[in-house]
Amino acid sequence: MATALNMTMALKQDPQTQAILAQVKATFAQSIQPAIDAALRKSQIVHFARVLVIDDKYIQVITEFDGDKQQYTEFFRKELQPVFKVIFSMAEGVPSWDELNNSNSFYKYSKGFNVKALGQSTSGDPDEGWLFSAYGDKTVKDLLGL
Amino acid sequence: MNGAGVDFSNIQAVVVQAYGYPFSRHLLFHFIASGPAKNFLRELLAKVTTADQSLDSKPEPLLNVGITYRGLVALGVPSAVLDTFDAVFQEGPDAGALGDLSPESTPGTWWEQQFSTEDVHCIVSIFCRTETALASASNQIRASATGLGLSELMARKDKTSLDGRSIRGGRVHFGYRDGVGQPRVNWTGSTSVSPDPNQLHYRHFLLGYSNADLPSYPSTGTGAALVKDSTYMVFRWVYQDVAAFNRFLQDHAAGLAPELPLDDAKELLAAKLIGRWRDGTPLVLSPDRPVGSDPPDNNFLYSTDPSGLRCPFSAHIRVTNSRDQALDPMENLEPFPRLIRRGMPYGSELNSTVDDGADRGLLGMFLCSDIRRQFYTIMSWMNRNSFSPVFAGNRQVQDPICGNRSKTADTSFRVPASTGSKMIPGLPAFLRTKGTAFFLVPSRATLALLATA
């Protein structure tokens, strides 16, 4: 069964951060989205992904991927470093990127910002909420015939 | 024993070598207050076996100690230092990452429900050549703990200890010779390139030497200084269903090799499940028969068996150490995961296909410097064989011995053959988790600091 990542971070409200946010929103489709697309395609583990901004107050990174968080947050740090560097720089309660940019801190903060979905995991994992899947436990590799 | 790179007098001996003693006992303790707990550690400091001690004369008891994250908290280690520890160590065992999700293996059932994993603060592991010595040594430790007001956690309902017993001359309950495929560690830290794929830098196992290639945590500062020469240990209490295993061999051996006498076919199936004959001979080197070499040859690569005709892709040793076999792109992001394995069977032997109701299995100790990268990765590979292109089109299968048989797993075992693959259906759950805890196995200096600071 895929794992859901529902990273939800409060955005700093200072003018400098809001300016960076405006820039991210304006350039996402042209400059950020292709980089994420390429990395996720290469991973062969991510089913779906999107980034949401809510009222300029919260940013969410939501994905469904194969495997567990312990193993795959490291993929996000290594392969999408510029993206997460910008996102975390806008978030409240996050240390500097120098402090964050290691497997231990990145895992710790990513997990800390993850919001557990309501309900019970169909796999029985008590740390996970409910995630519907129309195709059961099929992985990206299964679906792509890899 | 000397190591030019690391100070063996500072490292607990269990990290460097397997003892080979036939009796072990693991005592679990809960610290009530930091003062008495530190006094207990001070007493252990004089008893702990370090890697510089010669075991040639077979001294006993040999003693090792581990402390959980909650134990470090109870000892009063400052939170600023604790925060720098490996986040996975801080969290403790994660049922999802371990695959312990079935009703029989879920953490709520661990330790026979006598206590929770969070209660465990310290483990004292004693290894002896005789039961008499084991009893004497454990009585001393218990008297010390009791005198200092520590609480011993009894993991069994019948209040007996977690005791390991060597069986069948160093084999495990399923009949396989144990400890064959241990990683070879370069304790000198030499940077010269070795052609031996098993030659690993000690950074894979020791804390306090973190670098960009092999990070471990704490990585810098006070924390890194505190844990130098320590290691992390995953302690696993695992029940083994020997009767189910024997029935599986009985029921499916003839289908695998109808041309062989049944007993020979059972041995072949047992070998295909793990990747070695039960005497330790690797299938890659000898696919038709065990050769009985002592120690078994461990120098082989899977490039000589690209189709799995000798050793099936899902065989236990090919999953846990795929050597030169290609990995999927995601799995190449970090150094290849290896573990030092210690441990011993517990419980009486069973040679029947009918269960006698007795508890038996393995008390496993898995040592590494990064629980996430090493232990959890191997667990995930065992629970879903989807880490290498060799599994293309067949990625829901599991390690036939250790897979957790999750609800959606493919429980068939694929055995490639020159005449086409044979699919053996219905792999049972051979294992059940009865307890797991993560420990810091402190160096002598770390133990001294924890006992005094």
# chains A, B, ... in the order shown; residues from 1 in each chain; ligands from 1
call {"tool": "interface_residues", "arguments": {"of": "chain B", "to": "chain A", "cutoff": "7 Å", "atoms": "only C-alpha atoms", "output": "count of residues only"}}
result
15
call {"tool": "residues_around", "arguments": {"residues": "segment 3-17 of chain A", "least_positions_apart": "3", "cutoff": "8 Å", "atoms": "only C-alpha atoms", "output": "list in words"}}
result
Ile20, Leu21, Asp56, Lys57, Tyr58, Ile59, Gln60, Val61, Ile62, Thr63, Glu64, Phe65, Asp66, Gly67, Asp68, Lys69, Met90, Ala91, Glu92, Ser110, Lys111, Phe113, Asn114, Val115, Lys116, Ala117, Glu128 and Leu131 of chain A
call {"tool": "closest_residue", "arguments": {"among": "A:Pro34, A:Thr73, A:Ala29, A:Asn101", "to": "Ser89 of chain A", "atoms": "only C-alpha atoms"}}
result
A:Asn101
call {"tool": "residues_around", "arguments": {"residues": "Ile167 of chain B", "least_positions_apart": "3", "cutoff": "8 Å", "atoms": "only C-alpha atoms", "output": "PDB file with C-alpha atoms, in the first residue's frame"}}
result
ATOM      1  CA  PRO B  22      26.567 -21.828  24.186  1.00  0.00           C
ATOM      2  CA  GLY B 170      25.836 -23.447  16.031  1.00  0.00           C
ATOM      3  CA  ARG B 171      22.724 -23.785  13.920  1.00  0.00           C
ATOM      4  CA  VAL B 172      19.385 -21.997  14.156  1.00  0.00           C
ATOM      5  CA  HIS B 173      16.029 -23.682  14.613  1.00  0.00           C
ATOM      6  CA  PRO B 345      18.469 -19.475  19.314  1.00  0.00           C
ATOM      7  CA  GLU B 349      14.725 -28.192  19.295  1.00  0.00           C
TER       8      GLU B 349
END
call {"tool": "atom_distance", "arguments": {"atom1": "atom CA of Ser443 of chain B", "atom2": "atom CA of Leu206 of chain B"}}
result
9.4 Å
call {"tool": "closest_residue", "arguments": {"among": "B:Phe89, B:Phe127, B:Trp110, B:Tyr376", "to": "Val48 of chain B", "atoms": "only C-alpha atoms"}}
result
B:Phe127
